[in-house]
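What follows is the content of start-v9.cif (mmCIF, C-alpha atoms and all ligand atoms; chains and numbers go by the auth columns).
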data_run
loop_
_atom_site.group_PDB
_atom_site.id
_atom_site.type_symbol
_atom_site.label_atom_id
_atom_site.label_comp_id
_atom_site.label_asym_id
_atom_site.label_seq_id
_atom_site.Cartn_x
_atom_site.Cartn_y
_atom_site.Cartn_z
_atom_site.B_iso_or_equiv
_atom_site.auth_seq_id
_atom_site.auth_asym_id
ATOM 1 C CA MET A 1 0.000 0.000 0.000 0.00 3 A
ATOM 2 C CA ARG A 2 2.768 2.359 0.951 0.00 4 A
ATOM 3 C CA SER A 3 4.553 1.857 -2.378 0.00 5 A
ATOM 4 C CA VAL A 4 1.330 2.574 -4.262 0.00 6 A
ATOM 5 C CA VAL A 5 0.989 5.869 -2.459 0.00 7 A
ATOM 6 C CA LEU A 6 4.622 6.698 -3.214 0.00 8 A
ATOM 7 C CA LEU A 7 4.167 5.853 -6.861 0.00 9 A
ATOM 8 C CA LEU A 8 1.087 8.030 -7.087 0.00 10 A
ATOM 9 C CA GLY A 9 2.962 10.874 -5.488 0.00 11 A
ATOM 10 C CA LEU A 10 5.760 10.554 -8.040 0.00 12 A
ATOM 11 C CA THR A 11 3.381 10.437 -10.982 0.00 13 A
ATOM 12 C CA LEU A 12 1.583 13.517 -9.783 0.00 14 A
ATOM 13 C CA SER A 13 4.713 15.520 -9.107 0.00 15 A
ATOM 14 C CA LEU A 14 6.466 14.761 -12.421 0.00 16 A
ATOM 15 C CA PRO A 15 4.563 17.221 -14.655 0.00 17 A
ATOM 16 C CA VAL A 16 5.207 19.945 -12.093 0.00 18 A
ATOM 17 C CA LEU A 17 8.939 19.234 -12.236 0.00 19 A
ATOM 18 C CA ALA A 18 8.977 19.156 -16.028 0.00 20 A
ATOM 19 C CA ALA A 19 7.199 22.486 -16.474 0.00 21 A
ATOM 20 C CA PRO A 20 9.293 25.627 -15.945 0.00 22 A
ATOM 21 C CA ALA A 21 8.347 27.379 -12.716 0.00 23 A
ATOM 22 C CA HIS A 22 6.158 30.464 -12.935 0.00 24 A
ATOM 23 C CA VAL A 23 7.869 32.809 -10.513 0.00 25 A
ATOM 24 C CA HIS A 24 7.196 36.540 -10.704 0.00 26 A
ATOM 25 C CA GLY A 25 10.325 38.568 -11.382 0.00 27 A
ATOM 26 C CA GLU A 26 12.137 35.590 -12.843 0.00 28 A
ATOM 27 C CA ALA A 27 12.802 34.545 -16.410 0.00 29 A
ATOM 28 C CA ARG A 28 14.512 31.703 -18.181 0.00 30 A
ATOM 29 C CA LEU A 29 16.887 31.932 -21.141 0.00 31 A
ATOM 30 C CA GLU A 30 17.879 28.928 -23.215 0.00 32 A
ATOM 31 C CA ILE A 31 20.875 29.772 -25.359 0.00 33 A
ATOM 32 C CA SER A 32 22.114 27.403 -28.027 0.00 34 A
ATOM 33 C CA ILE A 33 24.702 27.461 -30.764 0.00 35 A
ATOM 34 C CA ASP A 34 24.182 25.054 -33.621 0.00 36 A
ATOM 35 C CA GLY A 35 26.423 25.549 -36.647 0.00 37 A
ATOM 36 C CA ASN A 36 26.148 29.211 -37.605 0.00 38 A
ATOM 37 C CA THR A 37 22.936 29.746 -35.688 0.00 39 A
ATOM 38 C CA LEU A 38 22.765 31.304 -32.258 0.00 40 A
ATOM 39 C CA ALA A 39 19.317 30.889 -30.730 0.00 41 A
ATOM 40 C CA ILE A 40 17.860 32.329 -27.552 0.00 42 A
ATOM 41 C CA HIS A 41 14.550 31.247 -26.111 0.00 43 A
ATOM 42 C CA LEU A 42 13.113 33.556 -23.464 0.00 44 A
ATOM 43 C CA GLU A 43 10.324 32.447 -21.185 0.00 45 A
ATOM 44 C CA THR A 44 8.881 34.524 -18.374 0.00 46 A
ATOM 45 C CA PRO A 45 5.691 35.269 -16.471 0.00 47 A
ATOM 46 C CA LEU A 46 4.067 38.400 -17.909 0.00 48 A
ATOM 47 C CA ASP A 47 4.131 39.994 -14.485 0.00 49 A
ATOM 48 C CA GLY A 48 7.852 40.722 -14.782 0.00 50 A
ATOM 49 C CA LEU A 49 7.294 42.535 -18.080 0.00 51 A
ATOM 50 C CA LEU A 50 3.926 44.216 -17.598 0.00 52 A
ATOM 51 C CA GLY A 51 2.946 44.160 -13.944 0.00 53 A
ATOM 52 C CA PHE A 52 -0.234 42.291 -14.876 0.00 54 A
ATOM 53 C CA GLU A 53 -0.939 38.866 -16.365 0.00 55 A
ATOM 54 C CA ARG A 54 -4.361 39.033 -17.993 0.00 56 A
ATOM 55 C CA GLY A 55 -5.765 40.746 -21.043 0.00 57 A
ATOM 56 C CA ALA A 56 -5.262 44.511 -21.190 0.00 58 A
ATOM 57 C CA ARG A 57 -8.361 46.406 -20.050 0.00 59 A
ATOM 58 C CA SER A 58 -7.577 50.095 -19.987 0.00 60 A
ATOM 59 C CA ALA A 59 -6.059 52.139 -22.791 0.00 61 A
ATOM 60 C CA ALA A 60 -2.899 52.436 -20.706 0.00 62 A
ATOM 61 C CA GLU A 61 -2.639 48.662 -20.353 0.00 63 A
ATOM 62 C CA LYS A 62 -3.188 48.163 -24.081 0.00 64 A
ATOM 63 C CA GLN A 63 -0.407 50.631 -24.742 0.00 65 A
ATOM 64 C CA ALA A 64 1.834 48.814 -22.249 0.00 66 A
ATOM 65 C CA VAL A 65 1.327 45.536 -24.154 0.00 67 A
ATOM 66 C CA LYS A 66 2.254 47.227 -27.438 0.00 68 A
ATOM 67 C CA THR A 67 5.324 48.858 -25.920 0.00 69 A
ATOM 68 C CA MET A 68 6.459 45.559 -24.401 0.00 70 A
ATOM 69 C CA LYS A 69 6.152 43.796 -27.758 0.00 71 A
ATOM 70 C CA ARG A 70 8.044 46.553 -29.540 0.00 72 A
ATOM 71 C CA ILE A 71 10.911 46.316 -27.036 0.00 73 A
ATOM 72 C CA LEU A 72 11.021 42.514 -27.198 0.00 74 A
ATOM 73 C CA GLU A 73 11.252 42.651 -30.994 0.00 75 A
ATOM 74 C CA GLN A 74 14.556 44.545 -30.798 0.00 76 A
ATOM 75 C CA ALA A 75 16.854 41.527 -30.674 0.00 77 A
ATOM 76 C CA ASP A 76 20.113 43.443 -31.062 0.00 78 A
ATOM 77 C CA HIS A 77 19.102 45.977 -28.448 0.00 79 A
ATOM 78 C CA LEU A 78 18.203 43.330 -25.856 0.00 80 A
ATOM 79 C CA PHE A 79 21.173 41.027 -26.438 0.00 81 A
ATOM 80 C CA GLN A 80 24.790 41.842 -27.197 0.00 82 A
ATOM 81 C CA MET A 81 27.154 39.078 -28.147 0.00 83 A
ATOM 82 C CA THR A 82 30.824 38.859 -29.039 0.00 84 A
ATOM 83 C CA ARG A 83 31.286 41.344 -31.861 0.00 85 A
ATOM 84 C CA GLU A 84 33.911 39.294 -33.734 0.00 86 A
ATOM 85 C CA ALA A 85 31.318 36.570 -34.356 0.00 87 A
ATOM 86 C CA LYS A 86 29.524 38.961 -36.756 0.00 88 A
ATOM 87 C CA CYS A 87 26.001 37.824 -35.953 0.00 89 A
ATOM 88 C CA THR A 88 22.952 39.115 -37.813 0.00 90 A
ATOM 89 C CA ALA A 89 19.560 38.953 -36.128 0.00 91 A
ATOM 90 C CA LEU A 90 16.581 37.343 -37.824 0.00 92 A
ATOM 91 C CA ALA A 91 13.028 38.431 -37.001 0.00 93 A
ATOM 92 C CA PRO A 92 12.109 37.220 -33.498 0.00 94 A
ATOM 93 C CA GLN A 93 8.878 35.448 -32.648 0.00 95 A
ATOM 94 C CA ILE A 94 7.040 36.786 -29.609 0.00 96 A
ATOM 95 C CA GLU A 95 4.130 34.716 -28.323 0.00 97 A
ATOM 96 C CA SER A 96 1.780 35.190 -25.393 0.00 98 A
ATOM 97 C CA PRO A 97 -1.933 34.768 -24.684 0.00 99 A
ATOM 98 C CA VAL A 98 -1.952 38.504 -23.846 0.00 100 A
ATOM 99 C CA PHE A 99 -1.914 39.195 -27.610 0.00 101 A
ATOM 100 C CA ASP A 100 -5.069 37.098 -28.143 0.00 102 A
ATOM 101 C CA THR A 101 -8.502 38.658 -28.365 0.00 103 A
ATOM 102 C CA LYS A 102 -9.562 36.553 -25.371 0.00 104 A
ATOM 103 C CA PRO A 103 -6.440 36.075 -23.269 0.00 105 A
ATOM 104 C CA GLY A 104 -8.246 34.616 -20.272 0.00 106 A
ATOM 105 C CA ASP A 105 -7.250 35.013 -16.655 0.00 107 A
ATOM 106 C CA GLY A 106 -4.665 33.449 -14.445 0.00 108 A
ATOM 107 C CA HIS A 107 -0.914 33.498 -14.584 0.00 109 A
ATOM 108 C CA LEU A 108 -0.001 34.137 -18.200 0.00 110 A
ATOM 109 C CA ASP A 109 3.493 33.711 -19.618 0.00 111 A
ATOM 110 C CA LEU A 110 5.390 35.030 -22.591 0.00 112 A
ATOM 111 C CA ASP A 111 7.711 33.137 -24.924 0.00 113 A
ATOM 112 C CA ALA A 112 10.150 34.753 -27.307 0.00 114 A
ATOM 113 C CA ASP A 113 12.432 33.107 -29.842 0.00 115 A
ATOM 114 C CA TYR A 114 15.483 34.925 -31.149 0.00 116 A
ATOM 115 C CA ARG A 115 17.840 33.772 -33.840 0.00 117 A
ATOM 116 C CA TRP A 116 21.089 35.088 -35.254 0.00 118 A
ATOM 117 C CA GLN A 117 23.182 33.916 -38.175 0.00 119 A
ATOM 118 C CA CYS A 118 26.852 34.266 -37.282 0.00 120 A
ATOM 119 C CA ALA A 119 29.702 34.498 -39.794 0.00 121 A
ATOM 120 C CA LYS A 120 32.191 33.275 -37.181 0.00 122 A
ATOM 121 C CA PRO A 121 30.306 31.396 -34.466 0.00 123 A
ATOM 122 C CA SER A 122 33.530 30.019 -32.965 0.00 124 A
ATOM 123 C CA ALA A 123 34.286 33.568 -31.779 0.00 125 A
ATOM 124 C CA LEU A 124 31.175 33.633 -29.584 0.00 126 A
ATOM 125 C CA ARG A 125 32.163 33.869 -25.936 0.00 127 A
ATOM 126 C CA GLY A 126 29.062 35.186 -24.241 0.00 128 A
ATOM 127 C CA ILE A 127 26.102 37.520 -24.243 0.00 129 A
ATOM 128 C CA SER A 128 24.867 40.353 -22.115 0.00 130 A
ATOM 129 C CA THR A 129 21.284 41.504 -21.887 0.00 131 A
ATOM 130 C CA ARG A 130 19.399 44.765 -21.403 0.00 132 A
ATOM 131 C CA LEU A 131 16.253 42.957 -20.264 0.00 133 A
ATOM 132 C CA PHE A 132 16.694 44.178 -16.671 0.00 134 A
ATOM 133 C CA GLY A 133 16.993 47.794 -17.768 0.00 135 A
ATOM 134 C CA GLU A 134 13.942 47.579 -20.010 0.00 136 A
ATOM 135 C CA PHE A 135 11.857 45.601 -17.519 0.00 137 A
ATOM 136 C CA PRO A 136 12.760 46.684 -13.965 0.00 138 A
ATOM 137 C CA ARG A 137 10.323 44.180 -12.426 0.00 139 A
ATOM 138 C CA LEU A 138 12.634 41.439 -13.688 0.00 140 A
ATOM 139 C CA LYS A 139 15.088 40.489 -10.941 0.00 141 A
ATOM 140 C CA ARG A 140 16.633 37.198 -11.960 0.00 142 A
ATOM 141 C CA ILE A 141 17.213 35.185 -15.127 0.00 143 A
ATOM 142 C CA THR A 142 18.180 31.533 -15.142 0.00 144 A
ATOM 143 C CA VAL A 143 20.360 30.614 -18.116 0.00 145 A
ATOM 144 C CA GLU A 144 20.831 27.242 -19.748 0.00 146 A
ATOM 145 C CA PHE A 145 23.479 27.133 -22.458 0.00 147 A
ATOM 146 C CA VAL A 146 24.387 24.420 -24.916 0.00 148 A
ATOM 147 C CA GLY A 147 26.964 24.807 -27.655 0.00 149 A
ATOM 148 C CA PRO A 148 30.125 23.320 -29.177 0.00 150 A
ATOM 149 C CA THR A 149 31.977 23.925 -25.888 0.00 151 A
ATOM 150 C CA GLY A 150 29.417 21.914 -23.918 0.00 152 A
ATOM 151 C CA GLN A 151 26.672 22.806 -21.487 0.00 153 A
ATOM 152 C CA LYS A 152 26.615 25.480 -18.846 0.00 154 A
ATOM 153 C CA SER A 153 24.013 27.052 -16.629 0.00 155 A
ATOM 154 C CA GLY A 154 24.034 30.316 -14.788 0.00 156 A
ATOM 155 C CA ARG A 155 22.051 33.122 -13.307 0.00 157 A
ATOM 156 C CA LEU A 156 21.818 36.753 -14.356 0.00 158 A
ATOM 157 C CA THR A 157 20.825 39.695 -12.178 0.00 159 A
ATOM 158 C CA PRO A 158 20.581 43.466 -12.774 0.00 160 A
ATOM 159 C CA ALA A 159 24.091 43.737 -11.286 0.00 161 A
ATOM 160 C CA GLN A 160 25.420 40.845 -13.406 0.00 162 A
ATOM 161 C CA PRO A 161 23.645 40.853 -16.777 0.00 163 A
ATOM 162 C CA ARG A 162 26.429 39.003 -18.607 0.00 164 A
ATOM 163 C CA PHE A 163 26.741 35.280 -19.282 0.00 165 A
ATOM 164 C CA ALA A 164 29.983 33.846 -20.637 0.00 166 A
ATOM 165 C CA TRP A 165 30.830 30.365 -21.881 0.00 167 A
HETATM 166 ZN ZN ZN B . 1.857 34.911 -12.297 0.00 201 B
#
Turn the structure described in the file into structure tokens.
Ligand SMILES: [Zn+2]
Amino acid sequence: MRSVVLLLGLTLSLPVLAAPAHVHGEARLEISIDGNTLAIHLETPLDGLLGFERGARSAAEKQAVKTMKRILEQADHLFQMTREAKCTALAPQIESPVFDTKPGDGHLDLDADYRWQCAKPSALRGISTRLFGEFPRLKRITVEFVGPTGQKSGRLTPAQPRFAW
């Protein structure tokens, strides 16, 4: 009986472990280098970007959503990487229920995918981000990196917005 209960507990807790945590003020960056492509996936609760996590109601909130999207679309403004790698940004993809006509309630997230084509990817040594400056509610970013040099994880803060590999 005891083992059945344990097993149930494990089964129930697994999806929670697999899903990234929704913690206000925190974000997650997955950085990968594959051939000439540098990719960054950003995932964060909307709270850290907007201060609210449901559909915009007032004119001011609607404007805030537009402004947020415009900032997030500026890949080369938000992320700086080793100059010698000569990376060119492709158009990012920004996705969130907040852009839908019926976003719903609850804790909404945002996902953004960035991609660069680099002439000399072997020169890439790290990135720094302006996300903290643009979104002051953001306090911490967890980073997972995978590239030709292996895997590395780290944590960025407003005082330490640079990740090297
Ligand atoms: Zn939330």
Check: Just so the selection is clear, what residues does the PyMOL selection byres (((chain A and resi 140-154) around 6) and not hetatm) cover here, as a list in words?
Finding: Gly27, Glu28, Ala29, Arg30, Leu31, Glu32, Ile33, Ser34, Ile35, Gly50, Phe134, Phe137, Pro138, Arg139, Ser155, Gly156, Arg157, Leu158 and Thr159 of chain A
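Based on all atoms listed in the file, the protein and nucleic acid residues found within 12 Å of ligand ZN 201 (chain B) are, by chain and then by number, Ala23, His24, Val25, His26, Gly27, Glu28, Ala29, Thr46, Pro47, Leu48, Asp49, Gly50, Leu51, Leu52, Gly53, Phe54, Glu55, Arg56, Asp107, Gly108, His109, Leu110, Asp111 and Leu112 of chain A.
Remark: for His79 (chain A), the closest of the candidate residues A:Trp167, A:Ala93, A:Arg132, A:Thr39 is A:Arg132 (distances computed over all atoms listed in the file).
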Next item on the list: Determine the residue set returned by the PyMOL selection byres (((chain A and resi 117) around 10) and not hetatm) for the present structure, and present it as an NGL selection string.
Entry: :A and (33-35 or 39-43 or 77 or 89-95 or 115-116 or 118-120)
Next item on the list: Carefully work through the PyMOL selection byres (((chain A and resi 103) around 12) and not hetatm) for this structure and note down the residues it includes, as a PyMOL selection string.
Entry: chain A and resi 56-59+64+98-102+104-106
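Distances to Ala166 (chain A) were evaluated for A:Asn38, A:Ala121, A:Ile96, A:Arg127 using all atoms listed in the file, and the minimum falls at A:Arg127.
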Check: Which residue, A:Glu97, A:Ala125, A:Ala161, A:Asp36, has the smallest gap to Met70 (chain A) when you use only C-alpha atoms?
Finding: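 Closest residue, counting only C-alpha atoms: A:Glu97.
The nearest approach to Asp78 (chain A) among the residues A:Glu63, A:Ile129, A:Asp113, A:Glu45, with all atoms listed in the file taken into account, belongs to A:Ile129.
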Margin query: Can you measure CA of Gln162 (chain A) to CA of Val67 (chain A) for me? One decimal in Å is fine.
Written below: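 CA of Val67 (chain A) lies 26.8 Å from CA of Gln162 (chain A).
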Check: Quick one: distance from CA of Pro160 (chain A) to CA of Gln65 (chain A) in Å, one decimal?
Finding: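 CA of Gln65 (chain A) lies at a distance of 25.2 Å from CA of Pro160 (chain A).
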Would you place a box with edges along x, y and z of the file around all atoms of region 148-160 of chain A listed there, add 8 Å to each of its six sides, and report the centre and edge lengths in Å to one decimal, as JSON?
{"center_x": 26.3, "center_y": 32.7, "center_z": -20.7, "size_x": 27.4, "size_y": 37.6, "size_z": 33.0}
Check: Quick one, how far is CA of Ala61 (chain A) from CA of Leu80 (chain A)?
Finding: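 It comes out at 26.0 Å.
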Item checked: For Ser130 (chain A): contacts at 6 Å, only C-alpha atoms, fewer than 6 positions along chain excluded, given as a list in words ->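 Contacts, with the query itself left out: Phe81, Gln82, Pro163 and Arg164 of chain A.
With distances taken over all atoms listed in the file, A:Ser124 is the one residue among A:Ser60, A:Thr69, A:Ser124, A:Thr131 lying closest to Ala87 (chain A).
Between Lys88 (chain A) and the residues A:Leu44, A:Leu126, A:Leu133, A:Ala114, the shortest atom-to-atom distance, using only C-alpha atoms, involves A:Leu126.
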